[in-house]
>>> print(open('model33.pdb').read())   # PDB, C-alpha atoms
ATOM      1  CA  MET B   1       0.000   0.000   0.000
ATOM      2  CA  THR B   2       1.297   3.441  -0.866
ATOM      3  CA  THR B   3      -0.139   6.625   0.501
ATOM      4  CA  GLU B   4       0.695  10.130  -0.528
ATOM      5  CA  ARG B   5       2.312  12.192   2.134
ATOM      6  CA  ARG B   6       0.313  15.242   3.142
ATOM      7  CA  ILE B   7       1.728  17.714   5.574
ATOM      8  CA  GLY B   8      -0.807  19.964   7.268
ATOM      9  CA  PRO B   9      -0.332  23.080   9.344
ATOM     10  CA  GLU B  10       2.520  23.149  11.854
ATOM     11  CA  GLY B  11       4.201  20.228  10.127
ATOM     12  CA  ARG B  12       1.367  17.874  10.978
ATOM     13  CA  ASP B  13       1.105  14.820   8.773
ATOM     14  CA  ASP B  14      -2.550  14.450   7.848
ATOM     15  CA  ASP B  15      -2.520  10.686   7.344
ATOM     16  CA  LEU B  16      -0.632  10.134  10.541
ATOM     17  CA  THR B  17      -2.893  12.458  12.478
ATOM     18  CA  ARG B  18      -6.025  10.824  11.140
ATOM     19  CA  GLU B  19      -4.769   7.386  12.041
ATOM     20  CA  LEU B  20      -3.601   8.526  15.459
ATOM     21  CA  ARG B  21      -7.041   9.980  16.086
ATOM     22  CA  ARG B  22      -8.660   6.680  15.169
ATOM     23  CA  LEU B  23      -6.265   4.803  17.404
ATOM     24  CA  TYR B  24      -6.670   7.059  20.423
ATOM     25  CA  ALA B  25     -10.302   8.046  19.983
ATOM     26  CA  ALA B  26     -12.258   8.287  23.205
ATOM     27  CA  PRO B  27     -15.497   6.305  23.393
ATOM     28  CA  SER B  28     -18.404   8.266  21.974
ATOM     29  CA  ASP B  29     -21.166   6.281  23.635
ATOM     30  CA  ASP B  30     -22.829   8.267  26.430
ATOM     31  CA  ALA B  31     -23.565   5.035  28.276
ATOM     32  CA  TYR B  32     -19.831   4.442  28.555
ATOM     33  CA  TRP B  33     -19.289   7.820  30.225
ATOM     34  CA  ARG B  34     -22.218   7.342  32.579
ATOM     35  CA  ALA B  35     -20.742   3.997  33.596
ATOM     36  CA  LEU B  36     -17.302   5.520  34.126
ATOM     37  CA  GLU B  37     -18.825   8.340  36.161
ATOM     38  CA  ALA B  38     -20.681   5.803  38.315
ATOM     39  CA  ARG B  39     -17.466   3.832  38.783
ATOM     40  CA  ILE B  40     -15.569   6.943  39.894
ATOM     41  CA  LEU B  41     -18.289   8.088  42.275
ATOM     42  CA  THR B  42     -18.599   4.600  43.751
ATOM     43  CA  ALA B  43     -14.855   4.589  44.398
ATOM     44  CA  VAL B  44     -15.066   8.045  45.995
ATOM     45  CA  ALA B  45     -17.985   6.952  48.195
ATOM     46  CA  ALA B  46     -16.104   3.817  49.227
ATOM     47  CA  GLN B  47     -13.076   5.880  50.106
ATOM     48  CA  ARG B  48     -15.190   8.266  52.166
ATOM     49  CA  ALA B  49     -16.876   5.351  53.919
ATOM     50  CA  GLY B  50     -13.450   3.851  54.600
ATOM     51  CA  ALA B  51     -12.238   7.119  56.083
ATOM     52  CA  ASP B  52     -15.328   7.276  58.295
ATOM     53  CA  ALA B  53     -14.849   3.647  59.331
ATOM     54  CA  TRP B  54     -11.285   4.450  60.320
ATOM     55  CA  TRP B  55     -12.451   7.361  62.454
ATOM     56  CA  GLN B  56     -15.482   5.720  64.062
ATOM     57  CA  PRO B  57     -13.598   3.402  66.482
ATOM     58  CA  MET B  58     -11.558   6.430  67.519
ATOM     59  CA  ALA B  59     -14.755   8.395  68.066
ATOM     60  CA  ARG B  60     -16.167   5.641  70.274
ATOM     61  CA  TRP B  61     -13.149   5.991  72.546
ATOM     62  CA  ALA B  62     -13.247   9.777  72.636
ATOM     63  CA  ARG B  63     -15.499  10.096  75.742
ATOM     64  CA  PRO B  64     -13.753   7.425  77.869
ATOM     65  CA  GLY B  65     -10.462   8.893  76.750
ATOM     66  CA  ALA B  66     -11.473  12.371  77.903
ATOM     67  CA  VAL B  67     -12.597  10.985  81.291
ATOM     68  CA  ALA B  68      -9.344   9.072  81.703
ATOM     69  CA  ALA B  69      -7.338  12.171  80.807
ATOM     70  CA  ALA B  70      -9.270  14.216  83.392
ATOM     71  CA  ILE B  71      -8.566  11.575  86.064
ATOM     72  CA  VAL B  72      -4.869  11.567  85.206
ATOM     73  CA  VAL B  73      -4.730  15.359  85.426
ATOM     74  CA  ALA B  74      -6.539  15.320  88.798
ATOM     75  CA  LEU B  75      -4.184  12.659  90.176
ATOM     76  CA  ALA B  76      -1.157  14.560  88.970
ATOM     77  CA  GLY B  77      -2.465  17.744  90.582
ATOM     78  CA  ALA B  78      -3.075  15.936  93.886
ATOM     79  CA  ALA B  79       0.407  14.434  93.790
ATOM     80  CA  ILE B  80       2.010  17.811  93.175
ATOM     81  CA  TRP B  81      -0.033  19.323  96.023
ATOM     82  CA  ARG B  82       1.051  16.520  98.379
ATOM     83  CA  VAL B  83       4.707  16.962  97.456
ATOM     84  CA  ARG B  84       4.470  20.661  98.280
ATOM     85  CA  GLU B  85       2.872  19.855 101.636
ATOM     86  CA  VAL B  86       5.603  17.378 102.518
ATOM     87  CA  ARG B  87       8.274  19.884 101.556
ATOM     88  CA  GLU B  88       6.702  22.510 103.775
ATOM     89  CA  GLU B  89       6.532  20.021 106.690
ATOM     90  CA  TYR B  90      10.185  19.229 106.282
ATOM     91  CA  ALA B  91      11.058  22.898 106.067
ATOM     92  CA  ILE B  92       9.200  23.621 109.321
ATOM     93  CA  LYS B  93      10.863  20.679 111.069
ATOM     94  CA  ALA B  94      14.242  21.823 109.833
ATOM     95  CA  ALA B  95      13.641  25.343 111.112
ATOM     96  CA  MET B  96      12.596  24.038 114.521
ATOM     97  CA  LEU B  97      15.670  21.850 114.645
ATOM     98  CA  LEU B  98      17.881  24.764 113.701
ATOM     99  CA  SER B  99      16.631  26.898 116.562
ATOM    100  CA  ASN B 100      17.875  24.333 119.204
ATOM    101  CA  ALA B 101      20.722  22.528 117.551
ATOM    102  CA  PRO B 102      24.403  22.858 118.429
ATOM    103  CA  ALA B 103      26.658  24.249 115.809
ATOM    104  CA  ALA B 104      27.551  20.928 114.237
ATOM    105  CA  GLN B 105      23.939  19.874 114.055
ATOM    106  CA  LEU B 106      23.114  23.301 112.705
ATOM    107  CA  ALA B 107      25.564  22.789 109.950
ATOM    108  CA  ALA B 108      24.323  19.261 109.277
ATOM    109  CA  ALA B 109      20.686  20.377 109.329
ATOM    110  CA  ALA B 110      21.542  23.152 106.923
ATOM    111  CA  GLY B 111      22.875  20.486 104.595
ATOM    112  CA  ALA B 112      26.354  21.895 104.757
ATOM    113  CA  ARG B 113      29.439  20.135 105.859
ATOM    114  CA  PRO B 114      30.335  21.387 109.420
ATOM    115  CA  ASP B 115      33.634  23.207 109.605
ATOM    116  CA  ASN B 116      36.350  22.106 112.045
ATOM    117  CA  ASP B 117      35.980  25.083 114.424
ATOM    118  CA  ALA B 118      32.320  24.353 114.943
ATOM    119  CA  VAL B 119      33.026  20.724 115.714
ATOM    120  CA  ILE B 120      35.723  21.663 118.259
ATOM    121  CA  ARG B 121      33.437  24.219 119.916
ATOM    122  CA  ASP B 122      30.713  21.635 120.095
ATOM    123  CA  VAL B 123      32.998  19.088 121.706
ATOM    124  CA  LEU B 124      34.442  21.556 124.197
ATOM    125  CA  THR B 125      31.163  23.065 125.207
ATOM    126  CA  PRO B 126      30.108  21.641 128.648
TER     127      PRO B 126
ATOM    128  CA  MET E 127      -9.915  15.429  55.277
ATOM    129  CA  THR E 128     -12.927  16.245  53.162
ATOM    130  CA  PRO E 129     -16.023  16.850  55.244
ATOM    131  CA  ASN E 130     -18.943  14.492  55.008
ATOM    132  CA  ARG E 131     -21.684  17.053  54.613
ATOM    133  CA  ALA E 132     -23.720  16.791  51.434
ATOM    134  CA  PRO E 133     -25.457  19.969  50.328
ATOM    135  CA  GLY E 134     -26.596  20.095  46.694
ATOM    136  CA  PRO E 135     -24.566  21.668  43.903
ATOM    137  CA  PRO E 136     -25.114  25.386  43.425
ATOM    138  CA  GLY E 137     -27.296  25.919  40.392
ATOM    139  CA  GLY E 138     -26.919  22.392  38.961
ATOM    140  CA  GLU E 139     -25.842  21.998  35.339
ATOM    141  CA  ALA E 140     -25.307  25.693  34.667
ATOM    142  CA  ALA E 141     -23.304  26.438  37.812
ATOM    143  CA  PRO E 142     -19.935  28.067  37.257
ATOM    144  CA  GLU E 143     -17.091  25.678  37.824
ATOM    145  CA  ARG E 144     -15.707  27.791  40.650
ATOM    146  CA  ASP E 145     -18.978  27.479  42.573
ATOM    147  CA  LEU E 146     -19.021  23.743  41.994
ATOM    148  CA  ALA E 147     -15.469  23.423  43.232
ATOM    149  CA  LEU E 148     -16.272  25.466  46.331
ATOM    150  CA  ALA E 149     -19.376  23.371  47.022
ATOM    151  CA  ALA E 150     -17.353  20.187  46.569
ATOM    152  CA  GLN E 151     -14.790  21.539  49.014
ATOM    153  CA  ARG E 152     -17.614  22.044  51.514
ATOM    154  CA  GLY E 153     -18.534  18.381  51.080
ATOM    155  CA  SER E 154     -21.215  18.376  48.381
ATOM    156  CA  ALA E 155     -21.199  14.961  46.736
ATOM    157  CA  GLU E 156     -23.506  16.274  44.016
ATOM    158  CA  ALA E 157     -21.125  19.109  43.181
ATOM    159  CA  PHE E 158     -18.233  16.689  42.918
ATOM    160  CA  ALA E 159     -20.363  14.394  40.720
ATOM    161  CA  GLU E 160     -21.045  17.335  38.419
ATOM    162  CA  LEU E 161     -17.311  18.059  38.216
ATOM    163  CA  VAL E 162     -16.745  14.415  37.303
ATOM    164  CA  ARG E 163     -19.393  14.645  34.572
ATOM    165  CA  ARG E 164     -17.837  17.797  33.141
ATOM    166  CA  HIS E 165     -14.234  16.642  33.199
ATOM    167  CA  GLU E 166     -14.141  12.881  32.756
ATOM    168  CA  ARG E 167     -13.730  13.004  28.967
ATOM    169  CA  ARG E 168     -10.835  15.428  29.061
ATOM    170  CA  ALA E 169      -9.323  13.466  31.922
ATOM    171  CA  TYR E 170      -9.578  10.323  29.821
ATOM    172  CA  THR E 171      -7.892  12.088  26.900
ATOM    173  CA  VAL E 172      -4.972  13.099  29.094
ATOM    174  CA  ALA E 173      -4.710   9.642  30.641
ATOM    175  CA  ARG E 174      -4.986   7.884  27.284
ATOM    176  CA  SER E 175      -2.128   9.901  25.828
ATOM    177  CA  ILE E 176       0.138   8.564  28.568
ATOM    178  CA  SER E 177      -1.274   5.096  29.108
ATOM    179  CA  ALA E 178      -0.472   2.168  26.884
ATOM    180  CA  THR E 179      -4.009   0.833  26.969
ATOM    181  CA  HIS E 180      -7.585   1.964  27.247
ATOM    182  CA  GLU E 181      -7.942   0.012  30.501
ATOM    183  CA  ASP E 182      -4.936   1.736  32.062
ATOM    184  CA  ALA E 183      -6.358   5.083  30.997
ATOM    185  CA  GLU E 184      -9.657   4.246  32.721
ATOM    186  CA  ASP E 185      -7.807   3.283  35.898
ATOM    187  CA  ALA E 186      -5.806   6.494  35.738
ATOM    188  CA  VAL E 187      -8.975   8.556  35.388
ATOM    189  CA  GLN E 188     -10.495   6.863  38.417
ATOM    190  CA  GLU E 189      -7.323   7.236  40.488
ATOM    191  CA  GLY E 190      -6.971  10.827  39.363
ATOM    192  CA  PHE E 191     -10.475  11.741  40.505
ATOM    193  CA  LEU E 192      -9.902   9.921  43.801
ATOM    194  CA  HIS E 193      -6.684  11.838  44.403
ATOM    195  CA  ALA E 194      -8.431  15.067  43.444
ATOM    196  CA  TYR E 195     -11.213  14.321  45.932
ATOM    197  CA  GLN E 196      -8.661  13.698  48.671
ATOM    198  CA  ALA E 197      -6.835  16.907  47.802
ATOM    199  CA  LEU E 198      -9.909  19.128  47.353
ATOM    200  CA  ASP E 199      -9.046  21.236  50.370
ATOM    201  CA  ARG E 200      -5.761  22.165  48.677
ATOM    202  CA  PHE E 201      -7.459  23.278  45.439
ATOM    203  CA  ARG E 202      -7.508  27.050  44.983
ATOM    204  CA  PRO E 203     -10.837  28.036  43.419
ATOM    205  CA  ASP E 204      -9.200  30.907  41.520
ATOM    206  CA  GLN E 205      -7.466  28.421  39.200
ATOM    207  CA  PRO E 206      -9.191  26.302  36.538
ATOM    208  CA  PHE E 207     -10.359  23.008  37.980
ATOM    209  CA  GLY E 208      -9.704  21.213  34.676
ATOM    210  CA  ALA E 209      -6.036  22.174  34.572
ATOM    211  CA  TRP E 210      -5.563  21.148  38.208
ATOM    212  CA  LEU E 211      -7.333  17.851  37.626
ATOM    213  CA  GLY E 212      -5.384  17.269  34.409
ATOM    214  CA  ARG E 213      -2.076  17.365  36.249
ATOM    215  CA  ILE E 214      -3.378  14.930  38.864
ATOM    216  CA  VAL E 215      -4.681  12.541  36.208
ATOM    217  CA  ALA E 216      -1.421  12.793  34.252
ATOM    218  CA  ASN E 217       0.507  11.874  37.399
ATOM    219  CA  ALA E 218      -1.839   8.961  38.061
ATOM    220  CA  ALA E 219      -1.332   7.744  34.498
ATOM    221  CA  LEU E 220       2.446   8.056  34.833
ATOM    222  CA  ASP E 221       2.328   6.088  38.093
ATOM    223  CA  ILE E 222       0.327   3.333  36.446
ATOM    224  CA  ALA E 223       2.691   3.334  33.470
ATOM    225  CA  ARG E 224       5.635   2.913  35.835
ATOM    226  CA  ARG E 225       3.901   0.057  37.621
ATOM    227  CA  ARG E 226       3.205  -1.585  34.261
ATOM    228  CA  LYS E 227       6.763  -1.164  33.069
ATOM    229  CA  VAL E 228       7.510  -4.830  33.527
ATOM    230  CA  ARG E 229       4.805  -5.779  31.087
ATOM    231  CA  SER E 230       6.174  -7.271  27.904
ATOM    232  CA  THR E 231       6.391  -5.322  24.688
ATOM    233  CA  GLU E 232       4.423  -8.085  23.070
ATOM    234  CA  ALA E 233       1.516  -7.508  25.383
ATOM    235  CA  LEU E 234       1.656  -3.774  24.786
ATOM    236  CA  THR E 235       1.613  -4.273  21.048
ATOM    237  CA  GLU E 236      -1.329  -6.566  21.428
ATOM    238  CA  HIS E 237      -3.245  -3.873  23.293
ATOM    239  CA  HIS E 238      -2.350  -1.234  20.733
ATOM    240  CA  ALA E 239      -3.309  -3.504  17.898
ATOM    241  CA  HIS E 240      -6.762  -4.041  19.327
ATOM    242  CA  PRO E 241      -8.082  -0.650  20.309
ATOM    243  CA  PHE E 242     -11.531  -0.857  21.766
ATOM    244  CA  ARG E 243     -13.205   1.028  18.927
ATOM    245  CA  ASP E 244     -11.929   0.280  15.518
ATOM    246  CA  PRO E 245     -12.405  -3.199  14.075
ATOM    247  CA  ALA E 246     -10.112  -2.522  11.098
ATOM    248  CA  ALA E 247      -7.080  -3.577  13.072
ATOM    249  CA  ASP E 248      -5.231  -5.263  10.261
ATOM    250  CA  ASP E 249      -4.962  -2.152   8.177
ATOM    251  CA  GLU E 250      -1.350  -1.797   7.110
ATOM    252  CA  LEU E 251      -0.930   1.865   8.040
ATOM    253  CA  ARG E 252      -2.424   1.204  11.431
ATOM    254  CA  ARG E 253      -0.171  -1.743  12.118
ATOM    255  CA  ARG E 254       2.852   0.263  11.126
ATOM    256  CA  LEU E 255       1.683   3.125  13.267
ATOM    257  CA  VAL E 256       1.233   0.876  16.278
ATOM    258  CA  SER E 257       4.759  -0.449  15.838
ATOM    259  CA  ALA E 258       6.108   3.054  15.360
ATOM    260  CA  LEU E 259       4.378   4.288  18.501
ATOM    261  CA  ASP E 260       6.082   1.558  20.454
ATOM    262  CA  THR E 261       9.459   2.920  19.390
ATOM    263  CA  LEU E 262       8.724   6.348  20.885
ATOM    264  CA  THR E 263       9.638   7.286  24.410
ATOM    265  CA  PRO E 264       6.615   7.733  26.704
ATOM    266  CA  PRO E 265       6.947  11.544  26.734
ATOM    267  CA  GLN E 266       7.214  11.641  22.928
ATOM    268  CA  ARG E 267       4.112   9.498  22.561
ATOM    269  CA  SER E 268       2.168  11.545  25.103
ATOM    270  CA  VAL E 269       3.114  14.834  23.481
ATOM    271  CA  VAL E 270       2.285  13.774  19.933
ATOM    272  CA  VAL E 271      -1.078  12.377  21.027
ATOM    273  CA  LEU E 272      -1.977  15.387  23.162
ATOM    274  CA  HIS E 273      -0.940  17.835  20.438
ATOM    275  CA  ASP E 274      -1.851  16.191  17.149
ATOM    276  CA  VAL E 275      -4.811  14.140  18.294
ATOM    277  CA  GLU E 276      -6.345  16.199  21.050
ATOM    278  CA  GLY E 277      -5.244  19.684  20.067
ATOM    279  CA  PHE E 278      -3.558  20.712  23.303
ATOM    280  CA  SER E 279      -1.128  23.628  23.032
ATOM    281  CA  HIS E 280       2.546  23.227  23.851
ATOM    282  CA  ALA E 281       2.035  25.307  26.985
ATOM    283  CA  GLU E 282      -0.854  23.134  28.132
ATOM    284  CA  ILE E 283       1.144  19.991  27.469
ATOM    285  CA  GLY E 284       4.102  21.379  29.354
ATOM    286  CA  GLU E 285       1.870  22.112  32.323
ATOM    287  CA  LEU E 286       0.174  18.724  32.199
ATOM    288  CA  LEU E 287       3.350  16.704  31.887
ATOM    289  CA  ASP E 288       5.442  18.988  34.077
ATOM    290  CA  MET E 289       7.984  19.896  31.400
ATOM    291  CA  PRO E 290       9.068  23.187  29.808
ATOM    292  CA  GLU E 291       7.163  24.254  26.717
ATOM    293  CA  GLY E 292      10.326  23.983  24.645
ATOM    294  CA  THR E 293      10.799  20.405  25.747
ATOM    295  CA  ALA E 294       7.251  19.605  24.666
ATOM    296  CA  ARG E 295       8.020  21.104  21.246
ATOM    297  CA  ALA E 296      11.182  19.046  20.961
ATOM    298  CA  HIS E 297       9.359  15.847  21.908
ATOM    299  CA  LEU E 298       6.699  16.582  19.302
ATOM    300  CA  HIS E 299       9.285  17.164  16.602
ATOM    301  CA  HIS E 300      11.187  13.961  17.380
ATOM    302  CA  ALA E 301       7.988  11.938  17.623
ATOM    303  CA  ARG E 302       6.773  13.160  14.224
ATOM    304  CA  VAL E 303      10.124  12.460  12.616
ATOM    305  CA  ALA E 304      10.215   8.960  14.074
ATOM    306  CA  LEU E 305       6.660   8.188  13.008
ATOM    307  CA  ARG E 306       7.188   9.502   9.479
ATOM    308  CA  LYS E 307      10.401   7.565   9.146
ATOM    309  CA  THR E 308       8.708   4.346  10.157
ATOM    310  CA  LEU E 309       5.891   4.974   7.717
ATOM    311  CA  SER E 310       7.973   6.361   4.857
ATOM    312  CA  ASP E 311       8.482   3.081   3.016
ATOM    313  CA  LEU E 312       4.767   2.542   3.085
ATOM    314  CA  ARG E 313       4.452   5.668   1.001
ATOM    315  CA  GLY E 314       7.293   4.830  -1.330
ATOM    316  CA  GLU E 315       9.425   7.632   0.051
ATOM    317  CA  PRO E 316      13.224   7.317  -0.016
TER     318      PRO E 316
END
>>> encode(input="model33.pdb", output="structure tokens")
Amino acid sequence: MTTERRIGPEGRDDDLTRELRRLYAAPSDDAYWRALEARILTAVAAQRAGADAWWQPMARWARPGAVAAAIVVALAGAAIWRVREVREEYAIKAAMLLSNAPAAQLAAAAGARPDNDAVIRDVLTP
Amino acid sequence: MTPNRAPGPPGGEAAPERDLALAAQRGSAEAFAELVRRHERRAYTVARSISATHEDAEDAVQEGFLHAYQALDRFRPDQPFGAWLGRIVANAALDIARRRKVRSTEALTEHHAHPFRDPAADDELRRRLVSALDTLTPPQRSVVVLHDVEGFSHAEIGELLDMPEGTARAHLHHARVALRKTLSDLRGEP
């Protein structure tokens, strides 16, 4: 078979273009496009349903989770409060101890290492 | 994530595309369906220019619309929805083409030789053309189909396939030369 070469605008080969168009032609049947549309929308709906399904178990746990979080926060607050109370008790006891203690005990109660002079004075004091 | 609310499309068939896109962003399934109806043919055209087969093009169209649905909240309504969708569909088609890369040339030729529409598959020019198309690189084939078959401009092709306009022109030139060369003996040309 021999065909005559015809070059159209912009260097386009008419025979080639015509054959390419036949080869790559999109379906012209409206039923095809309705079916493709339905297929796409079904896939979108399935994806949306899947996303909802993923979220729903999480949503079921939202309320218990919030309650648990509130309990944890309350416990943590109580623990912090108790620690402050204990610290204050210790501070008071330490102050009381300081008011009566000899020099070495004073130094020990203050958390510092007693110096040698204080130890000697303590030993020599009747 | 796209909200699950489903108000109707604004104004139905005659609604401006921007309004449809905005409604779809707000969760209107009907608005998104209308966008699908308006753009599925062009999306197919883009996908078909990249895909080796009609079936792959269909899959790319479906994947493209799915990706577009997922990414609706990132769509800016001041840009054309079709151009945005076209890029997504082109990427979906390229992904599918990459996944299909292991498929044998024989199988590809078989698909090309039996397009879903034309029964005159044993026509000599067509058979030569199918063989010639298989010798092109994927970008060359996409560009020649988008330009010569579908009438896209070089700029549009560049945007769709994420390449400079000049590169699209070069691909078109090389594709035409390769196709003509393959078909030249059929025409008795030297």
>>> residues_around(input="model33.pdb", residues="range 282-298 of chain E", least_positions_apart="2", cutoff="8 Å", atoms="all atoms listed in the file", output="PDB file with C-alpha atoms, keeping the file's coordinate frame")
ATOM      1  CA  ALA E 209      -6.036  22.174  34.572  1.00  0.00           C
ATOM      2  CA  GLY E 212      -5.384  17.269  34.409  1.00  0.00           C
ATOM      3  CA  ARG E 213      -2.076  17.365  36.249  1.00  0.00           C
ATOM      4  CA  ALA E 216      -1.421  12.793  34.252  1.00  0.00           C
ATOM      5  CA  ASN E 217       0.507  11.874  37.399  1.00  0.00           C
ATOM      6  CA  PRO E 265       6.947  11.544  26.734  1.00  0.00           C
ATOM      7  CA  GLN E 266       7.214  11.641  22.928  1.00  0.00           C
ATOM      8  CA  VAL E 269       3.114  14.834  23.481  1.00  0.00           C
ATOM      9  CA  VAL E 270       2.285  13.774  19.933  1.00  0.00           C
ATOM     10  CA  LEU E 272      -1.977  15.387  23.162  1.00  0.00           C
ATOM     11  CA  HIS E 273      -0.940  17.835  20.438  1.00  0.00           C
ATOM     12  CA  PHE E 278      -3.558  20.712  23.303  1.00  0.00           C
ATOM     13  CA  SER E 279      -1.128  23.628  23.032  1.00  0.00           C
ATOM     14  CA  HIS E 280       2.546  23.227  23.851  1.00  0.00           C
ATOM     15  CA  HIS E 300      11.187  13.961  17.380  1.00  0.00           C
ATOM     16  CA  ALA E 301       7.988  11.938  17.623  1.00  0.00           C
ATOM     17  CA  ARG E 302       6.773  13.160  14.224  1.00  0.00           C
TER      18      ARG E 302
END
>>> resolve_selection(input="model33.pdb", expression="the PyMOL selection byres ((chain E and resi 192) around 12)", output="JSON, numbers by chain")
{"B": [37, 39, 40, 41, 42, 43, 44, 45, 46, 47, 48], "E": [128, 158, 159, 162, 185, 186, 187, 188, 189, 190, 191, 193, 194, 195, 196, 197, 198, 211, 214, 215, 218]}
>>> closest_residue(input="model33.pdb", among="B:Trp61, B:Glu88, B:Ala35, B:Ala26", to="chain E", atoms="all atoms listed in the file")
B:Ala26
>>> resolve_selection(input="model33.pdb", expression="the PyMOL selection byres ((chain E and resi 202) around 12)", output="PyMOL selection string")
chain E and resi 144-145+147-148+151+197-201+203-207+209-211
>>> closest_residue(input="model33.pdb", among="E:Ile176, E:Val275, E:Leu220, E:Leu262", to="chain B", atoms="all atoms listed in the file")
E:Val275
